[in-house]
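Heads up, the thing below is written out as C-alpha cells.
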Amino acid sequence: MRAKAGMVFLLFLCGAVCHAQRLPEGVVPIHYTLSFTPDIPAARFAGHEKIQVHLLRPTDAITLNAADIQFNAVTVQTSEGRQEAHVALDPSHQTATLQLTNAVAAGDAELEIDFTGILNDKLRGFYLVQGKTRNYASTQFEATDARRAFPAFDEPALKATFDISLTVDEGDIAISNGAIVSDTPGPGPGKHTLQFAPTPKMSTYLVAMLVGDWKCIEGGSDGIPIRICATPDKIGLVGFALKSSEHILHSLNQYYGIPYPYKKLDIIAVPDFEAGAMENLGAITFREILLLVDEQHSSVGARRGVAEVLAHEIAHMWFGDLVTMKWWDDLWLNEGFATWMVSKPVGDWKPEWRESLQDVQNASGTLDVDSSPATRQIRAKASTPDEINELFDGIAYGKAAAVLHMVEQYLGPEVFRAGVKQYLETYAHGNATAEDFWNTLAEVSKQPMDKIMASFVDQPGVPMVSVRSHCSDGKTIVEATQRRFYLVGSLMDAPSPETWTIPVCFKMGEARDCRIVDQKQQEFTFDGCYAEFSADASGSGYYRTQYSGDTFRHLPGNSWNAGQRDRLVGDSWALVQAGKQSVGEYLDLLRRMGADPERVVFESEIQPLPTIAENLTNPEGRAALSALIRDLAEPGVKRLGWSPAPGEGDDDRQLRPVLIALLGNFGNDSKVLQQAAKSADRYLRDRSSLDASLAPTVLSLAARTGGPALYARYLDAARRAKSPEEFLNFLFGLVAFSEPELVQRTLEMAVSPEVRSQDSPYLLVALLSRPATRKRAWSWAKQHWTEIQARFTFSSGSRVVEATGSFCDPADREDVQGFFASHPVESSERTLSLALHRIDACIELRSRQSQNLSVWLDNAKTNGNSKTGGGRPRLAN
C-alpha cells in the first residue's frame with residue numbers, strides 16, 4: 001500500500017487476521033424483509049428481519065455482519081424445519097455467527113431475527129439527527145455500517161433485493177429507497193406503518209431510511225418523479241436543487257444511453273451528515289450546505305457546489321448502484337467515474353462555469369497529492385473497516401477521474417462513451433472489477449487499454465515525461481523520457497524503476513497527434529518543423545511535463561488553449577517544488593503570461609503565491625513580492641470594482657473575490673483592507689449590500705483588523721443565519737481573527753455543543769491551516785485532545801491529521817509525528833504519512849528555493865521589470 005519497505009513485514013503479519021474481516025463463502029443472500037420501529041426520543045430502534053439465503057453447502061453455522069446490535073430471537077427455517085440458533089458475537093470483526101444444533105443441507109433457507117439497536121450520535125449506521133426544533137433519524141451505511149442497523153451480509157458483492165417498512169409517529173413520514181406503496185395505522189396508538197416498494201438487487205451499503213417531519217417539493221425529468229426534501233424550516237431553499245436535478249438526470253440519460261434505472265429519485269438534506277452526500281439507491285442524502293441555497297442571494301460557488309455534487313451523486317445511480325465494484329479495492333469504479341462525470345451535465349447546463357477547464361485544474365491538485373512517496377495505487381488492498389475508510393481519498397476520486405479524462409481524450413469522446421455504455425449494459429445489477437472495465441474498453445476501442453489502465457491503476461505515483469525537440473530534414477524529432485515524479489527534490493535524485501504506458505497527445509502547431517510512451521526513453525518523428533509544440537494537447541494528461549530550458553523559456557505558445565496553459569502553470573510550480581526548476585523560472589513564466597483571461601487559469605497562476613510568501617521570503621522579500629502581487633491583481637479589481645455590474649456573468653462574480661483576497665492577504669493593500677472593513681460593516685446590517693460571492697472574502701479580510709466587537713457581531717450573525725451558506729460564512733469568518741483571546745474562543749467553541757459535530761473538526765482544520773493561528777491552535781489541540789476526539793465522527797479525525805501537514809519546520813514535524821504516535825486517529829495511518837511528507841517537501845522547498853527567490857526579487861527590483869503584464873488579458877482562449 002505504501003512505498004515503504006517497513007510495511008512489508010506488517011502486511012505479512014496482518015495477512016491472516018485482516019483477511020478474516022471478510023465473511024466466509026457459502027451463503028448467498030437473495031432477499032431481505034426489514035421492519036423497523038424507531039424511537040427517536042429514546043434514541044433507540046427495534047427491528048425484525050427475514051433474510052432468504054441460498055446455502056452452497058451443508059453447514060451448522062452461518063456468519064453475517066453485526067455491530068452494536070442486540071439479538072433477541074433468531075431462527076433458521078429450511079425444508080427440514082425451523083430451529084433456533086445460538087448467536088456468537090465477535091465485536092472485533094463485527095460479525096455474528098448463528099450456530100445451529102442440527103446442520104442444515106445445501107439449498108434455500110430463511111433467517112428470522114428480532115433485534116434492537118441504538119440511534120447513535122456518530123453519524124454512521126442508523127443515527128440521531130438534531131434539527132432546529134426536534135430530532136430526526138437517518139442512515140449512512142457506506143462503507144461498512146449497514147451492520148449497525150440490521151444484521152446483514154454487508155459486502156458489496158452480496159447484492160439482494162429489499163422489502164422495507166417503517167413504523168413511525170403519526171406526524172412523521174419516512175423515506176427509503178422505494179416509493180411508498182401503503183400507509184396503514186398502527187400497530188399501537190399514535191403510530192402508522194409505511195411500506196415501501198421492493199428494490200432491485202443492490203448492495204447493503206445503499207439502503208436508506210429517514211424518519212421525521214420532512215417536507216418535500218416535487219418535480220420530474222424524463223418521466224422520473226424527483227423530490228427534494230428538507231426539514232420544514234429550510235424547505236424554501238430547495239428550488240435550485242430541483243432545477244439542477246431535473247437537468248442533470250436528463251443529461252445523464254442522454255449520455256449513458258441507458259434510462260435512469262429506478263422508479264423515483266428522492267434527494268434529502270440532512271442537518272447532521274458526515275460526508276458531502278451519499279448515493280443511496282433512489283434516496284440520495286446530502287449535507288445541507290451542499291443542497292440548500294437561497295437562489296437569489298447565494299454565491300456562484302454555492303450554486304456550483306450544489307450542481308456539481310448532485311451530478312456526482314446522480315451519476316452514481318449508474319456507476320456504483322446499477323454496477324457496483326466487487327470489493328472495496330476497486331472503489332474507484334464508483335467514485336472515479338462519478339467524479340469524472342460531473343463536468344458533462346453541469347458544463348452542458350452552465351457553460352460559463354468552465355467545468356471542463358476546472359477538471360484540468362483539479363487534476364493538477366491530485367497530481368500533487370499523488371507525488372508523495374506515501375501515496376497509494378488506485379486499486380489498493382483493504383480488508384478491515386479502517387482500511388476501507390482510508391480508501392475514500394483523493395486517489396479514488398481525483399486520480400481515477402483524471403486518468404479517465406486522459407483516456408477519454410486519447411480514444412476520443414464517442415469511442416469512450418461507447419465503451420462506458422457497453423460496460424454498464426454488460427454488468428447491470430451486478431458487480432465488476434477493474435479488468436471488466438478496461439477489457440470492455442479495449443474490445444470497443446481496439447486499443448491496448450488493459451496496458452494503459454493497469455499501469456495507472458495498479459502502480460502508485462505520477463510519471464514525469466521530459467521532452468526536447470529538434471528539426472531535421474523537415475521533420476520534428478521529439479525525444480521523450482519518463483520517470484517517477486516526486487515533490488521532494490532529494491527523491492528525484494534517486495533512480496526510478498517505474499514505467500507507465502502513457503498516452504501522450506502532442507500538439508504540433510494546430511495538429512494533434514497521440515503517441516504511446518511506454519519505455520524509459522523514446523523518439524518520435526512528426527512531419528514539419530514547428531517553432532512551438534506541446535506534450536499535452538488538452539491539459540488532460542496524467543503526468544508532469546518537463547520541457548527543455550530553451551523550449552520552456554518561450555512557453556506558452558500563442559496558440560495554446562486554456563487547458564494547456566493551466567497545466568503548464570501547474571507543471572512549472574511542481575517542478576519548482578521538485579528542484580527541477582527555480583522559483584525564479586516560475587515567476588518569469590507568470591510575468592510572461594500576465595493575468596490570464598481565463599479565470600480558472602488565473603487561479604492556477606496565483607495558487608503558489610501564498611506558499612512563496614509564507615515559506616520562502618524574509619520581510620524585505622515579502623514586501624517585494626507584495627508589490628508584484630499588486631501589479632498582477634490591481635488592474636482586475638479596477639475593472640470589476642466591488643459590486644457586480646448589471647448583467648455581469650458568473651465568471652466575473654467568481655473572479656472578483658479571488659483578486660480582492662489576493663490584494664488584501666498577500667498584496668497587503670491597505671485600501672483593500674479598509675474597504676473590506678466598511679463592506680463587512682454594511683453587510684452585517686444589510687445582507688443585500690454585498691454580492692454573496694464576495695461575502696466570505698470581505699468577512700475574512702475585515703477580521704484581520706477587527707477585534708472583539710466585530711467578533712461578537714459575526715457570532716451573533718451566525719446564530720441568526722437564514723441559510724447554511726450564510727451560517728458557514730460567519731462561522732468560518734471567526735477563524736480569520738488572530739488575537740490570541742479570540743483564537744482561544746473559537747477553539748473552545750469548536751468543541752462546544754454550539755457547533756455540530758459535522759462542522760467541529762473543520763474549525764480546527766481552518767485554524768491549523770492559517771499561518772497566523774497554526775501554532776496556537778496546535779498547542780491548544782494537544783492540550784484538549786480528549787475533548788476534540790469526543791467530537792470526531794467516524795472519518796472527521798483524519799481531516800485534523802491532514803491539516804497538520806501545513807507545518808514547515810523540522811521541530812514541528814517531530815512534534816506532529818510524536819503526538820499521533822501516542823494519540824492514533826482511526827482510519828488515518830496513510831493520512832499521517834502524507835502529512836509528514838508534506839512537511840518534508842516544504843522544508844526542502846524552503847532550503848532549495850529561498851535564496852533563488854531572493855536573487856530573483858533583487859534582480860527584478862534592480863532591473864525594474866517586476867511587472868507581470870499589468871493583469872491585462874493577452875492570450876487566446
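A note on labels: chains of the C-alpha cells are A, B, ... as shown, every chain counts residues from 1, and ligands are counted from 1 in their shown order.
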Show me, as a PyMOL selection string, the residues that have an atom within 10 Å of Phe240 in chain A when counting only C-alpha atoms, minus same-chain residues fewer than 6 positions from it. chain A and resi 228+291-296+303+306-307
Could you turn the residues from that selection into a file that holds N, CA and C atoms, as a CSV table (one decimal), in the first residue's frame?
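File selection_3.csv, as written:
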```
chain,number,residue,atom,x,y,z
A,228,ILE,N,-37.2,16.9,-3.7
A,228,ILE,CA,-36.1,17.5,-2.9
A,228,ILE,C,-36.7,17.7,-1.5
A,291,LEU,N,-26.8,21.3,-0.6
A,291,LEU,CA,-28.1,21.1,-1.3
A,291,LEU,C,-29.0,22.4,-1.2
A,292,LEU,N,-28.9,23.1,-0.1
A,292,LEU,CA,-29.8,24.2,0.2
A,292,LEU,C,-29.2,25.5,0.0
A,293,VAL,N,-29.7,26.3,-1.0
A,293,VAL,CA,-29.2,27.6,-1.3
A,293,VAL,C,-30.4,28.5,-1.5
A,294,ASP,N,-30.2,29.8,-1.1
A,294,ASP,CA,-31.2,30.8,-1.5
A,294,ASP,C,-30.8,31.3,-2.9
A,295,GLU,N,-31.5,30.9,-3.9
A,295,GLU,CA,-31.1,31.1,-5.3
A,295,GLU,C,-30.8,32.5,-5.6
A,296,GLN,N,-31.6,33.4,-5.0
A,296,GLN,CA,-31.5,34.8,-5.3
A,296,GLN,C,-30.4,35.5,-4.6
A,303,ARG,N,-23.9,27.7,-5.6
A,303,ARG,CA,-24.8,27.1,-6.6
A,303,ARG,C,-24.0,26.1,-7.4
A,306,VAL,N,-23.7,22.9,-5.3
A,306,VAL,CA,-24.9,22.1,-5.3
A,306,VAL,C,-25.0,21.3,-6.6
A,307,ALA,N,-24.8,22.0,-7.8
A,307,ALA,CA,-25.0,21.3,-9.1
A,307,ALA,C,-23.9,20.2,-9.2
```
Leaving out range 359-368 of chain A and any residue of its chain fewer than 6 positions from it, which residues lie within 7 Å of it when counting only C-alpha atoms, given as a list in words?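 The neighbour list is Gly394, Gly398, Lys399, Ala402, Val462, Gly539, Ser540, Gly563, Asp566, Arg567, Gly570 and Ser604 of chain A.
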Now that the selection is made, can you save its residues with N, CA, C and O atoms as a short mmCIF file (atom, residue, chain, number, x, y, z; two decimals), in the first residue's frame?
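Resulting contents of again.cif:
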```cif
data_model
loop_
_atom_site.label_atom_id
_atom_site.label_comp_id
_atom_site.auth_asym_id
_atom_site.auth_seq_id
_atom_site.Cartn_x
_atom_site.Cartn_y
_atom_site.Cartn_z
N GLY A 394 -8.33 11.24 -2.15
CA GLY A 394 -8.11 11.91 -3.42
C GLY A 394 -7.66 11.00 -4.53
O GLY A 394 -7.74 11.37 -5.71
N GLY A 398 -10.09 11.74 -7.21
CA GLY A 398 -9.39 12.64 -8.13
C GLY A 398 -8.50 11.95 -9.14
O GLY A 398 -8.57 12.24 -10.34
N LYS A 399 -7.64 11.04 -8.68
CA LYS A 399 -6.73 10.40 -9.63
C LYS A 399 -7.50 9.54 -10.62
O LYS A 399 -7.24 9.58 -11.83
N ALA A 402 -9.08 11.73 -13.15
CA ALA A 402 -8.10 12.33 -14.05
C ALA A 402 -7.58 11.32 -15.07
O ALA A 402 -7.37 11.66 -16.26
N VAL A 462 3.10 9.31 -9.92
CA VAL A 462 2.92 10.15 -11.11
C VAL A 462 4.14 10.01 -12.01
O VAL A 462 5.28 10.12 -11.53
N GLY A 539 -4.27 19.43 -21.85
CA GLY A 539 -4.06 19.58 -20.42
C GLY A 539 -4.62 18.42 -19.62
O GLY A 539 -4.71 18.50 -18.40
N SER A 540 -5.00 17.32 -20.28
CA SER A 540 -5.65 16.20 -19.61
C SER A 540 -4.72 15.03 -19.31
O SER A 540 -5.17 14.01 -18.79
N GLY A 563 -6.61 24.88 -21.42
CA GLY A 563 -6.19 23.66 -20.73
C GLY A 563 -4.69 23.49 -20.75
O GLY A 563 -4.08 23.09 -19.74
N ASP A 566 -3.17 26.07 -18.32
CA ASP A 566 -3.37 25.71 -16.92
C ASP A 566 -2.40 24.61 -16.50
O ASP A 566 -1.80 24.68 -15.43
N ARG A 567 -2.26 23.61 -17.32
CA ARG A 567 -1.36 22.52 -16.97
C ARG A 567 0.10 22.98 -16.98
O ARG A 567 0.90 22.53 -16.15
N GLY A 570 0.68 24.54 -13.63
CA GLY A 570 0.76 23.52 -12.59
C GLY A 570 2.04 22.72 -12.66
O GLY A 570 2.67 22.41 -11.63
N SER A 604 -4.96 29.23 -11.07
CA SER A 604 -3.81 28.32 -11.02
C SER A 604 -2.50 29.10 -10.98
O SER A 604 -1.54 28.70 -10.30
#
```
Could you tell me how far CA of Leu731 in chain A sits from CA of Leu715 in chain A, in Å to one decimal place? 6.8 Å
Within 9 Å of range 419-429 of chain A, counting only C-alpha atoms, which residues show up once you throw out same-chain ones fewer than 3 positions away? Write them as a PyMOL selection string, please. chain A and resi 159+200-202+255-258+318-319+321-324+414-416+432+436-438+440-445
Neighbouring residues of Thr184 in chain A were defined as those with any atom within 7 Å, considering only C-alpha atoms; residues of the same chain fewer than 4 positions away were excluded. Please report them as a list in words.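 Within the cut-off, the hits are His192, Thr193 and Leu194 of chain A.
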Helix (DSSP H, G or I) per DSSP on the backbone: members of range 525-687 of chain A, as an MDAnalysis selection string: chainID A and resid 549:552 562:577 583:593 599:606 609:615 619:640 650:666 670:685 687
Residues near Leu834 in chain A, anyone? I mean within 10 Å using only C-alpha atoms, not counting same-chain ones fewer than 5 positions away, as a PyMOL selection string. chain A and resi 369-370+372-375+801-802+805+828-829+839-840
List as an mmCIF file with N, CA and C atoms, in the first residue's frame the protein and nucleic acid residues near Gly125 in chain A, meaning an atom at most 12 Å away when only C-alpha atoms are counted, but skip any in the same chain fewer than 6 places from it.
```
data_model
loop_
_atom_site.group_PDB
_atom_site.id
_atom_site.type_symbol
_atom_site.label_atom_id
_atom_site.label_comp_id
_atom_site.auth_asym_id
_atom_site.auth_seq_id
_atom_site.Cartn_x
_atom_site.Cartn_y
_atom_site.Cartn_z
ATOM 1 N N PHE A 45 -33.995 1.873 18.396
ATOM 2 C CA PHE A 45 -34.912 1.326 17.403
ATOM 3 C C PHE A 45 -35.044 -0.174 17.623
ATOM 4 N N ALA A 66 -22.626 -7.793 12.048
ATOM 5 C CA ALA A 66 -23.451 -7.071 13.005
ATOM 6 C C ALA A 66 -22.530 -6.290 13.925
ATOM 7 N N ALA A 67 -22.954 -5.056 14.239
ATOM 8 C CA ALA A 67 -22.202 -4.220 15.171
ATOM 9 C C ALA A 67 -23.196 -3.368 15.947
ATOM 10 N N ASP A 68 -23.045 -3.296 17.249
ATOM 11 C CA ASP A 68 -23.931 -2.504 18.117
ATOM 12 C C ASP A 68 -25.382 -2.961 18.020
ATOM 13 N N ILE A 69 -25.581 -4.242 17.737
ATOM 14 C CA ILE A 69 -26.926 -4.821 17.611
ATOM 15 C C ILE A 69 -27.151 -5.801 18.761
ATOM 16 N N GLY A 117 -31.395 -1.797 18.493
ATOM 17 C CA GLY A 117 -30.145 -1.062 18.329
ATOM 18 C C GLY A 117 -30.296 0.359 18.827
ATOM 19 N N ILE A 118 -29.215 1.118 18.748
ATOM 20 C CA ILE A 118 -29.219 2.498 19.202
ATOM 21 C C ILE A 118 -29.169 3.452 18.005
ATOM 22 N N LEU A 119 -29.862 4.575 18.143
ATOM 23 C CA LEU A 119 -29.680 5.684 17.208
ATOM 24 C C LEU A 119 -28.495 6.483 17.734
ATOM 25 N N ALA A 137 -34.251 10.815 12.506
ATOM 26 C CA ALA A 137 -33.408 9.626 12.350
ATOM 27 C C ALA A 137 -33.022 9.502 10.883
ATOM 28 N N SER A 138 -31.776 9.127 10.636
ATOM 29 C CA SER A 138 -31.298 8.973 9.267
ATOM 30 C C SER A 138 -30.253 7.865 9.236
ATOM 31 N N THR A 139 -29.852 7.477 8.047
ATOM 32 C CA THR A 139 -28.860 6.417 7.888
ATOM 33 C C THR A 139 -27.683 6.876 7.056
ATOM 34 N N GLN A 140 -26.538 6.287 7.320
ATOM 35 C CA GLN A 140 -25.343 6.394 6.480
ATOM 36 C C GLN A 140 -24.621 5.069 6.613
ATOM 37 N N PHE A 141 -24.684 4.249 5.551
ATOM 38 C CA PHE A 141 -24.182 2.880 5.629
ATOM 39 C C PHE A 141 -22.848 2.663 4.914
ATOM 40 N N GLU A 142 -22.503 3.501 3.963
ATOM 41 C CA GLU A 142 -21.219 3.297 3.297
ATOM 42 C C GLU A 142 -20.085 3.714 4.237
ATOM 43 N N ALA A 143 -19.063 2.870 4.419
ATOM 44 C CA ALA A 143 -18.846 1.665 3.649
ATOM 45 C C ALA A 143 -19.327 0.410 4.382
ATOM 46 N N THR A 144 -19.180 0.365 5.691
ATOM 47 C CA THR A 144 -19.416 -0.898 6.404
ATOM 48 C C THR A 144 -20.318 -0.690 7.612
ATOM 49 N N ASP A 145 -21.386 0.093 7.448
ATOM 50 C CA ASP A 145 -22.217 0.411 8.605
ATOM 51 C C ASP A 145 -23.679 0.030 8.471
ATOM 52 N N ALA A 146 -24.076 -0.671 7.407
ATOM 53 C CA ALA A 146 -25.418 -1.255 7.402
ATOM 54 C C ALA A 146 -25.556 -2.213 8.579
ATOM 55 N N ARG A 147 -24.468 -2.863 8.940
ATOM 56 C CA ARG A 147 -24.447 -3.840 10.044
ATOM 57 C C ARG A 147 -24.775 -3.196 11.392
ATOM 58 N N ARG A 148 -24.752 -1.872 11.482
ATOM 59 C CA ARG A 148 -25.134 -1.186 12.719
ATOM 60 C C ARG A 148 -26.639 -0.950 12.796
ATOM 61 N N ALA A 149 -27.337 -1.204 11.686
ATOM 62 C CA ALA A 149 -28.796 -1.030 11.656
ATOM 63 C C ALA A 149 -29.522 -2.356 11.606
ATOM 64 N N PHE A 150 -28.943 -3.357 10.968
ATOM 65 C CA PHE A 150 -29.562 -4.684 10.912
ATOM 66 C C PHE A 150 -28.481 -5.718 10.607
ATOM 67 N N PRO A 151 -28.592 -6.925 11.131
ATOM 68 C CA PRO A 151 -27.655 -7.987 10.769
ATOM 69 C C PRO A 151 -27.713 -8.217 9.254
ATOM 70 N N ASP A 154 -22.851 -7.817 4.765
ATOM 71 C CA ASP A 154 -22.536 -6.421 4.480
ATOM 72 C C ASP A 154 -21.276 -6.284 3.634
ATOM 73 N N THR A 204 -25.878 -3.780 0.369
ATOM 74 C CA THR A 204 -26.429 -3.323 1.640
ATOM 75 C C THR A 204 -26.075 -1.877 1.944
ATOM 76 N N TYR A 205 -24.897 -1.403 1.504
ATOM 77 C CA TYR A 205 -24.485 -0.047 1.865
ATOM 78 C C TYR A 205 -25.329 1.019 1.190
ATOM 79 N N LEU A 206 -26.209 0.616 0.240
ATOM 80 C CA LEU A 206 -27.051 1.560 -0.472
ATOM 81 C C LEU A 206 -28.456 1.671 0.110
ATOM 82 N N VAL A 207 -28.757 0.914 1.159
ATOM 83 C CA VAL A 207 -30.061 1.020 1.820
ATOM 84 C C VAL A 207 -30.141 2.369 2.536
ATOM 85 N N ALA A 208 -31.327 2.998 2.479
ATOM 86 C CA ALA A 208 -31.527 4.297 3.136
ATOM 87 C C ALA A 208 -32.848 4.305 3.881
ATOM 88 N N MET A 209 -32.862 4.949 5.036
ATOM 89 C CA MET A 209 -34.088 5.165 5.807
ATOM 90 C C MET A 209 -33.967 6.514 6.521
ATOM 91 N N LEU A 210 -35.018 7.339 6.408
ATOM 92 C CA LEU A 210 -35.045 8.626 7.087
ATOM 93 C C LEU A 210 -36.422 8.821 7.711
ATOM 94 N N PHE A 273 -24.696 15.366 8.983
ATOM 95 C CA PHE A 273 -24.305 14.418 7.937
ATOM 96 C C PHE A 273 -22.796 14.421 7.824
ATOM 97 N N GLU A 274 -22.200 13.247 7.855
ATOM 98 C CA GLU A 274 -20.750 13.112 7.878
ATOM 99 C C GLU A 274 -20.112 13.474 6.537
ATOM 100 N N THR A 793 -16.494 12.342 14.351
ATOM 101 C CA THR A 793 -17.337 11.304 13.789
ATOM 102 C C THR A 793 -16.409 10.281 13.147
ATOM 103 N N PHE A 794 -16.950 9.330 12.386
ATOM 104 C CA PHE A 794 -16.123 8.182 12.035
ATOM 105 C C PHE A 794 -14.982 8.497 11.076
#
```
